[in-house]
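*Asks:* Supplied structure: start-v4.txt, compact mmCIF, C-alpha atoms.
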# COMPACT_ATOMS: atom_id res chain seq x y z
CA MET A 1 -7.61 75.78 -40.82
CA PRO A 2 -7.10 77.02 -44.41
CA LYS A 3 -7.63 80.69 -45.12
CA VAL A 4 -8.32 82.79 -48.19
CA ASP A 5 -8.23 86.53 -48.83
CA LEU A 6 -11.53 88.38 -48.63
CA LEU A 7 -11.67 90.95 -51.44
CA ASP A 8 -13.87 93.92 -52.17
CA ARG A 9 -15.16 95.00 -55.55
CA ALA A 10 -11.97 96.90 -56.34
CA GLY A 11 -9.85 93.79 -55.72
CA LYS A 12 -8.38 95.07 -52.44
CA LYS A 13 -8.00 92.79 -49.46
CA VAL A 14 -10.39 93.66 -46.64
CA GLY A 15 -9.71 90.65 -44.41
CA ASP A 16 -9.22 86.90 -44.20
CA ARG A 17 -11.85 84.24 -44.50
CA ASP A 18 -11.45 80.96 -42.64
CA LEU A 19 -12.37 77.87 -44.60
CA PRO A 20 -13.66 74.77 -42.80
CA ASP A 21 -11.32 71.79 -42.81
CA GLU A 22 -14.06 69.31 -43.70
CA LEU A 23 -14.74 71.18 -46.96
CA PHE A 24 -11.40 72.57 -48.11
CA ASP A 25 -8.88 70.26 -46.44
CA ALA A 26 -10.21 66.85 -47.43
CA LYS A 27 -8.41 64.02 -49.20
CA VAL A 28 -8.19 64.54 -52.96
CA ASN A 29 -9.42 61.36 -54.67
CA VAL A 30 -8.91 61.71 -58.43
CA PRO A 31 -10.45 58.36 -59.51
CA LEU A 32 -13.54 59.11 -57.44
CA MET A 33 -13.95 62.54 -59.04
CA HIS A 34 -13.55 60.94 -62.48
CA GLN A 35 -16.24 58.37 -61.75
CA VAL A 36 -18.70 60.99 -60.50
CA VAL A 37 -18.04 63.25 -63.49
CA ILE A 38 -18.58 60.38 -65.95
CA ALA A 39 -21.83 59.49 -64.20
CA GLY A 40 -23.00 63.09 -64.36
CA LEU A 41 -22.22 63.44 -68.05
CA ALA A 42 -23.88 60.11 -68.80
CA SER A 43 -27.08 61.26 -67.12
CA LEU A 44 -27.26 64.17 -69.60
CA ARG A 45 -27.53 61.81 -72.56
CA ALA A 46 -31.02 61.52 -74.01
CA GLY A 47 -30.54 57.94 -75.20
CA THR A 48 -33.09 58.35 -78.01
CA HIS A 49 -30.82 57.03 -80.79
CA SER A 50 -32.26 54.19 -82.84
CA THR A 51 -31.46 52.23 -86.02
CA LYS A 52 -33.42 49.71 -88.08
CA THR A 53 -32.42 46.09 -88.42
CA ARG A 54 -32.99 44.05 -91.60
CA ALA A 55 -36.35 43.04 -90.15
CA GLU A 56 -37.46 46.66 -89.79
CA VAL A 57 -36.30 48.02 -93.14
CA SER A 58 -38.99 48.08 -95.82
CA GLY A 59 -38.52 45.89 -98.87
CA GLY A 60 -36.35 42.82 -99.41
CA GLY A 61 -39.15 40.34 -99.47
CA ARG A 62 -38.18 38.82 -102.82
CA LYS A 63 -35.01 36.88 -103.54
CA PRO A 64 -32.82 39.11 -105.77
CA TRP A 65 -31.95 36.27 -108.20
CA ARG A 66 -32.10 32.58 -108.38
CA GLN A 67 -29.91 30.45 -106.20
CA LYS A 68 -27.77 28.81 -108.92
CA GLY A 69 -26.63 29.39 -112.45
CA THR A 70 -25.91 33.14 -112.37
CA GLY A 71 -22.25 32.98 -111.38
CA ARG A 72 -22.87 35.42 -108.57
CA ALA A 73 -22.95 34.84 -104.87
CA ARG A 74 -26.20 33.57 -103.52
CA GLN A 75 -28.43 36.24 -101.90
CA GLY A 76 -31.68 35.87 -100.02
CA SER A 77 -32.62 39.56 -99.60
CA ASN A 78 -31.40 42.95 -100.80
CA ARG A 79 -31.95 44.38 -97.28
CA ALA A 80 -29.17 42.38 -95.63
CA PRO A 81 -26.65 44.45 -93.63
CA HIS A 82 -23.97 44.25 -96.34
CA TRP A 83 -26.30 45.70 -98.94
CA SER A 84 -26.65 49.41 -99.62
CA GLY A 85 -29.96 50.48 -98.07
CA GLY A 86 -30.08 47.38 -95.95
CA GLY A 87 -30.55 47.06 -92.22
CA ILE A 88 -27.97 47.96 -89.58
CA ALA A 89 -26.36 45.09 -87.68
CA HIS A 90 -25.77 45.68 -83.97
CA GLY A 91 -26.83 49.34 -84.22
CA PRO A 92 -27.78 51.52 -81.24
CA LYS A 93 -31.24 51.25 -79.73
CA PRO A 94 -32.97 53.58 -77.24
CA ARG A 95 -31.57 53.06 -73.78
CA ASN A 96 -31.03 54.77 -70.44
CA TYR A 97 -27.47 55.86 -69.66
CA ASP A 98 -28.04 56.81 -66.00
CA GLN A 99 -25.51 55.47 -63.54
CA ARG A 100 -26.38 55.04 -59.91
CA THR A 101 -23.89 56.89 -57.73
CA PRO A 102 -24.22 56.72 -53.92
CA LYS A 103 -24.67 60.01 -52.09
CA LYS A 104 -21.52 59.44 -50.02
CA MET A 105 -19.46 59.12 -53.20
CA LYS A 106 -20.91 62.35 -54.59
CA ARG A 107 -20.22 64.14 -51.33
CA ALA A 108 -16.63 62.85 -51.16
CA ALA A 109 -16.01 63.83 -54.79
CA LEU A 110 -17.35 67.35 -54.15
CA LEU A 111 -15.07 67.77 -51.13
CA SER A 112 -12.14 66.57 -53.21
CA ALA A 113 -12.94 69.12 -55.92
CA LEU A 114 -13.24 71.97 -53.40
CA THR A 115 -9.95 71.00 -51.74
CA ASP A 116 -8.22 70.75 -55.11
CA ALA A 117 -9.57 74.18 -56.09
CA HIS A 118 -8.18 75.74 -52.91
CA GLN A 119 -4.81 74.01 -53.13
CA SER A 120 -4.36 74.98 -56.78
CA GLY A 121 -5.14 78.65 -56.10
CA LYS A 122 -8.35 78.81 -58.12
CA LEU A 123 -10.46 80.22 -55.29
CA ALA A 124 -11.35 83.89 -54.89
CA VAL A 125 -13.80 85.24 -52.30
CA LEU A 126 -15.71 88.47 -52.82
CA LYS A 127 -17.33 90.25 -49.92
CA GLU A 128 -20.50 91.03 -51.87
CA PHE A 129 -21.81 92.14 -55.24
CA ASP A 130 -22.99 95.73 -55.05
CA PHE A 131 -24.30 96.11 -58.59
CA GLN A 132 -27.00 98.73 -58.68
CA GLU A 133 -28.37 97.60 -62.04
CA PRO A 134 -27.63 94.90 -64.62
CA ARG A 135 -24.61 96.06 -66.64
CA THR A 136 -22.15 93.87 -68.49
CA LYS A 137 -19.59 96.67 -68.29
CA ASP A 138 -19.60 96.49 -64.49
CA ALA A 139 -19.15 92.70 -64.61
CA VAL A 140 -16.17 92.99 -66.96
CA GLN A 141 -14.58 95.65 -64.77
CA LEU A 142 -15.01 93.44 -61.72
CA ILE A 143 -13.26 90.54 -63.47
CA VAL A 144 -10.39 92.83 -64.43
CA ASP A 145 -10.05 94.24 -60.91
CA LEU A 146 -10.04 90.76 -59.37
CA GLU A 147 -7.50 89.56 -61.97
CA LEU A 148 -9.60 86.60 -63.07
CA ALA A 149 -8.88 84.87 -66.37
CA GLY A 150 -10.01 81.83 -68.32
CA LYS A 151 -13.26 80.03 -67.58
CA ILE A 152 -14.80 81.63 -64.50
CA LEU A 153 -17.38 80.08 -62.20
CA VAL A 154 -19.35 82.57 -60.08
CA VAL A 155 -21.02 80.98 -57.05
CA LEU A 156 -23.92 82.84 -55.41
CA ASP A 157 -25.87 82.07 -52.27
CA GLN A 158 -29.23 82.52 -53.98
CA PRO A 159 -30.62 83.65 -57.35
CA THR A 160 -29.88 87.35 -57.90
CA GLU A 161 -31.30 88.87 -61.06
CA VAL A 162 -28.93 91.87 -61.20
CA VAL A 163 -25.79 89.73 -60.95
CA GLU A 164 -27.01 87.03 -63.32
CA LYS A 165 -27.97 89.52 -66.03
CA SER A 166 -24.65 91.32 -65.65
CA PHE A 167 -22.68 88.13 -66.40
CA ASN A 168 -25.19 86.69 -68.88
CA ASN A 169 -23.49 88.13 -71.99
CA LEU A 170 -20.03 86.83 -71.07
CA PRO A 171 -19.52 83.39 -72.66
CA TYR A 172 -16.57 82.53 -70.40
CA VAL A 173 -18.50 83.11 -67.16
CA LYS A 174 -20.98 80.67 -65.66
CA VAL A 175 -23.19 81.49 -62.66
CA SER A 176 -24.06 78.75 -60.19
CA TYR A 177 -25.40 78.47 -56.64
CA ALA A 178 -23.90 77.07 -53.48
CA ARG A 179 -26.73 74.57 -52.96
CA SER A 180 -26.36 73.06 -56.45
CA LEU A 181 -22.60 72.87 -56.95
CA ASN A 182 -21.30 69.83 -58.77
CA VAL A 183 -17.88 68.32 -59.36
CA TYR A 184 -17.84 68.93 -63.11
CA GLU A 185 -18.34 72.71 -62.72
CA LEU A 186 -15.53 72.98 -60.18
CA LEU A 187 -13.07 70.96 -62.26
CA ALA A 188 -13.93 72.64 -65.57
CA ALA A 189 -13.44 76.20 -64.26
CA ASP A 190 -10.07 77.94 -64.29
CA ARG A 191 -11.09 80.36 -61.53
CA ILE A 192 -13.90 80.09 -58.98
CA LEU A 193 -15.39 83.24 -57.44
CA PHE A 194 -17.36 82.71 -54.22
CA THR A 195 -19.28 85.35 -52.35
CA SER A 196 -19.00 85.43 -48.58
CA ALA A 197 -22.70 84.57 -48.30
CA ALA A 198 -22.25 81.61 -50.66
CA LEU A 199 -19.52 80.20 -48.41
CA ASP A 200 -21.87 80.54 -45.45
CA VAL A 201 -24.50 78.52 -47.28
CA LEU A 202 -21.89 75.94 -48.29
CA GLU A 203 -20.85 75.58 -44.66
CA GLY A 204 -24.47 75.09 -43.60
CA LYS A 205 -24.90 78.40 -41.82
CA THR A 206 -28.42 79.76 -41.95
CA PRO A 207 -28.87 83.54 -42.11
CA GLU A 208 -30.19 85.06 -38.91
CA PRO A 209 -33.69 86.48 -39.19
CA PRO A 210 -34.04 90.24 -38.77
CA THR A 211 -34.39 91.23 -35.09
CA ASP A 212 -37.17 93.76 -35.32
CA GLU A 213 -38.90 94.74 -32.11
CA ASP A 214 -42.38 93.43 -31.78
CA PRO A 215 -44.85 96.19 -32.45
CA ALA A 216 -46.93 97.32 -29.50
CA PRO A 217 -50.20 95.44 -29.29
CA LYS A 218 -53.03 97.40 -30.74
CA PRO A 219 -55.76 98.30 -28.24
CA LYS A 220 -58.96 96.46 -28.77
CA ALA A 221 -61.58 98.55 -30.44
CA SER A 222 -64.26 99.41 -27.90
CA ALA A 223 -67.83 98.94 -28.93
CA LYS A 224 -68.99 102.43 -29.79
CA LYS A 225 -72.66 103.13 -29.45
CA ASP A 226 -74.39 104.55 -32.43
CA PRO A 227 -75.94 107.84 -31.37
CA GLU A 228 -78.78 107.34 -33.78
CA ALA A 229 -79.40 103.85 -32.37
CA SER A 230 -79.26 105.17 -28.81
CA ASP A 231 -81.59 107.96 -29.69
CA ALA A 232 -83.87 105.53 -31.40
CA GLY A 233 -83.70 103.23 -28.41
CA GLY A 234 -84.29 106.11 -26.03
CA SER A 235 -87.20 107.35 -28.01
CA ALA A 236 -88.60 103.82 -28.14
CA ALA A 237 -88.18 103.48 -24.39
CA GLU A 238 -89.79 106.82 -23.90
CA ARG A 239 -92.62 105.82 -26.18
CA SER A 240 -93.06 102.52 -24.34
CA GLY A 241 -92.96 104.34 -21.00
CA ALA A 242 -95.44 106.87 -22.21
CA ALA A 243 -97.65 104.12 -23.49
CA GLY A 244 -97.39 102.34 -20.12
CA ALA A 245 -98.18 105.55 -18.33
CA LYS A 246 -101.22 106.10 -20.48
CA ARG A 247 -102.51 102.55 -20.10
CA PRO A 248 -103.65 102.76 -16.39
CA PRO A 249 -106.09 105.65 -16.99
CA ALA A 250 -107.51 103.72 -19.91
CA ALA A 251 -107.91 100.72 -17.63
CA GLU A 252 -109.49 102.95 -14.96
CA ASP A 253 -111.85 104.43 -17.51
CA SER A 254 -112.81 101.00 -18.69
CA GLY A 255 -113.32 99.90 -15.08
CA ALA A 256 -115.37 103.00 -14.39
CA THR A 257 -117.52 102.49 -17.39
CA SER A 258 -118.08 98.87 -16.46
CA ALA A 259 -118.93 99.87 -12.88
CA SER A 260 -121.30 102.55 -14.09
CA SER A 261 -122.93 100.08 -16.40
CA VAL A 262 -123.32 97.68 -13.49
CA ASP A 263 -124.87 100.44 -11.31
CA GLU A 264 -127.26 101.45 -14.00
CA ASP A 265 -128.30 97.85 -14.46
CA GLY A 266 -128.71 97.49 -10.73
CA GLU A 267 -130.90 100.62 -10.55
CA ASP A 268 -133.02 99.35 -13.35
CA GLU A 269 -133.48 96.03 -11.64
CA THR A 270 -134.51 97.65 -8.32
CA SER A 271 -136.93 99.98 -10.06
CA GLU A 272 -138.53 97.10 -11.87
CA SER A 273 -138.84 95.04 -8.68
CA SER A 274 -140.48 97.95 -6.81
CA GLU A 275 -143.04 98.40 -9.57
CA GLU A 276 -143.89 94.71 -9.45
CA GLU A 277 -144.43 94.87 -5.67
CA GLY A 278 -146.79 97.89 -6.14
CA ASP A 279 -148.87 96.02 -8.66
CA GLU A 280 -149.22 93.03 -6.36
CA SER A 281 -150.40 95.21 -3.54
Output the file's structure as structure tokens, nothing else.

*Replies:*
Amino acid sequence: MPKVDLLDRAGKKVGDRDLPDELFDAKVNVPLMHQVVIAGLASLRAGTHSTKTRAEVSGGGRKPWRQKGTGRARQGSNRAPHWSGGGIAHGPKPRNYDQRTPKKMKRAALLSALTDAHQSGKLAVLKEFDFQEPRTKDAVQLIVDLELAGKILVVLDQPTEVVEKSFNNLPYVKVSYARSLNVYELLAADRILFTSAALDVLEGKTPEPPTDEDPAPKPKASAKKDPEASDAGGSAAERSGAAGAKRPPAAEDSGATSASSVDEDGEDETSESSEEEGDES
């Protein structure tokens, strides 16, 4: 298994980093890398170029001179391709320059580029960037401490604003990411600086989530009784109880009055009947 030195910010070796064989010990296929690079550069072309043919150029509808008798060569239009201001013969027209490249070819070319970078000594692995704030001075000092020269490719595991802004003013440094590496970047760079986290992403290792203990479950909020509501309820109950307690006497009074009215009516009836009997006698 190939290995590479793991460096700190001061350029001192702090350990060794093992590189996977499938990434950094693959077969170097130069023609394949060339084909993939050409396809990638071709895809960047806009293809919006266009020229006018003799049919598209304005003018030229009249014959410049008569066919015979002038001593000059016969001409049918002054917009022919051999005329100044005439149309363009076989000129470029808008087209698409994209080339279809299979995924397996791209993958094999990328592995070849990574292996070539390791074998040629272009690789450097940094433990981590510990920039506190974006400063170009810190980036330049890091390059000097790591003894990097030429065109430098910095590979990060994910977008980092502090690091990107620190290298942004250096025209010979390009920042890329492990998930979007391409063959052209690897071949065009004189030195390639990986971070340890970027190598983990390149190898397919996913960062472990933080192991925080689950917080204790919160106790369910008990339904608290509103004292005012309870008082209101109690007072209502008391009022209803008082009303119920007062209702029977009212019923008794009403019954008494009805009974008294019945007795009085009965007395009146008996008195009237006795008077009628006296009259008959």

*Asks:* Using all atoms listed in the file, which residue out of A:Lys205, A:Ala117, A:Pro171, A:Asp21 lies closest to Ile192 in chain A?

*Replies:*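 Among A:Lys205, A:Ala117, A:Pro171, A:Asp21, it is A:Ala117 that comes nearest to Ile192 in chain A.
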
*Asks:* Can you work out which one of A:Gly91, A:Pro159, A:Gly60, A:Pro2 has the shortest atom-to-atom distance to Ser180 in chain A, counting only C-alpha atoms?

*Replies:*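 Distance minimum relative to Ser180 in chain A lands on A:Pro159.
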
*Asks:* Find the residue from A:Leu32, A:Ser84, A:Arg74, A:Arg191 that sits nearest to Pro102 in chain A; use all atoms listed in the file when measuring.

*Replies:*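 The shortest atom-to-atom distance to Pro102 in chain A comes from A:Leu32.
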
*Asks:* Find the residues near Gly59 in chain A: any atom within 9 Å, counting only C-alpha atoms, skip ones fewer than 3 places away on the same chain, and give them as a PyMOL selection string.

*Replies:* chain A and resi 62+77-79

*Asks:* Suppose you want the space between CA of Ala124 in chain A and CA of Gln158 in chain A; what is it in Å?

*Replies:*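 Distance between the two atoms: 18.0 Å.
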
*Asks:* At what distance in Å, to one decimal, does CA of Leu186 in chain A lie from CA of Val173 in chain A?

*Replies:*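 If I compute the distance from CA of Val173 in chain A to CA of Leu186 in chain A, I get 12.7 Å.
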
*Asks:* Using only C-alpha atoms, which protein or nucleic acid residues come within 10 Å of range 130-146 of chain A? Drop anything in the same chain fewer than 2 positions from it, and give the result as an MDAnalysis selection string.

*Replies:* chainID A and resid 7:12 124:128 148:149 152 161:170 173 193

*Asks:* Go ahead and compute the interatomic distance for CA of Arg72 in chain A and CA of His90 in chain A, in Å to one decimal.

*Replies:*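 Taking CA of Arg72 in chain A and CA of His90 in chain A, their separation equals 26.8 Å.
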
*Asks:* Tell me which protein, DNA and RNA residues are within 12 Å of Thr53 in chain A, counting all atoms listed in the file, leaving out same-chain ones fewer than 6 positions away, and put them as a list in words.

*Replies:*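 Counting all atoms listed in the file, the residues come to Arg79, Ala80, Pro81, His82, Gly85, Gly86, Gly87, Ile88, Ala89, His90, Gly91, Pro92 and Lys93 of chain A.
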
*Asks:* Nearest to Lys27 in chain A among A:Gly71, A:Val154, A:Ala113, A:Asp190, with distances taken over all atoms listed in the file: which residue is it?

*Replies:*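 Among the listed residues, the smallest separation from Lys27 in chain A belongs to A:Ala113.
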
*Asks:* Tell me, as JSON, numbers by chain, which residues lie within 6 Å of Leu6 in chain A, counting all atoms listed in the file; anything in the same chain fewer than 2 positions away does not count.

*Replies:* {"A": [13, 14, 15, 16, 17, 125, 126]}

*Asks:* Would you place a box with edges along x, y and z of the file around all atoms of range 59-63 of chain A listed there, add 3 Å to each of its six sides, and report the centre and edge lengths in Å to one decimal, as lines of an AutoDock Vina configuration file?

*Replies:*
center_x = -37.1
center_y = 41.4
center_z = -101.2
size_x = 10.1
size_y = 15.0
size_z = 10.7

*Asks:* Show me, as a PDB file with C-alpha atoms, keeping the file's coordinate frame, the residues that have an atom within 8 Å of Thr101 in chain A when counting all atoms listed in the file, minus same-chain residues fewer than 3 positions from it.

*Replies:*
ATOM      1  CA  VAL A  36     -18.700  60.990 -60.500  1.00  0.00           C
ATOM      2  CA  ALA A  39     -21.830  59.490 -64.200  1.00  0.00           C
ATOM      3  CA  MET A 105     -19.460  59.120 -53.200  1.00  0.00           C
ATOM      4  CA  LYS A 106     -20.910  62.350 -54.590  1.00  0.00           C
TER       5      LYS A 106
END

*Asks:* Restricting the calculation to all atoms listed in the file, which member of A:Gly40, A:Gly69, A:Pro64, A:Gly121 is positioned closest to Arg100 in chain A?

*Replies:*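 Among the listed residues, A:Gly40 lies closest to Arg100 in chain A.
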
*Asks:* Quick one: of A:Thr195, A:Gln75, A:Ser120, A:Gln35, who's nearest to Val155 in chain A, counting all atoms listed in the file?

*Replies:*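 Using all atoms listed in the file, the shortest distance to Val155 in chain A belongs to A:Thr195.
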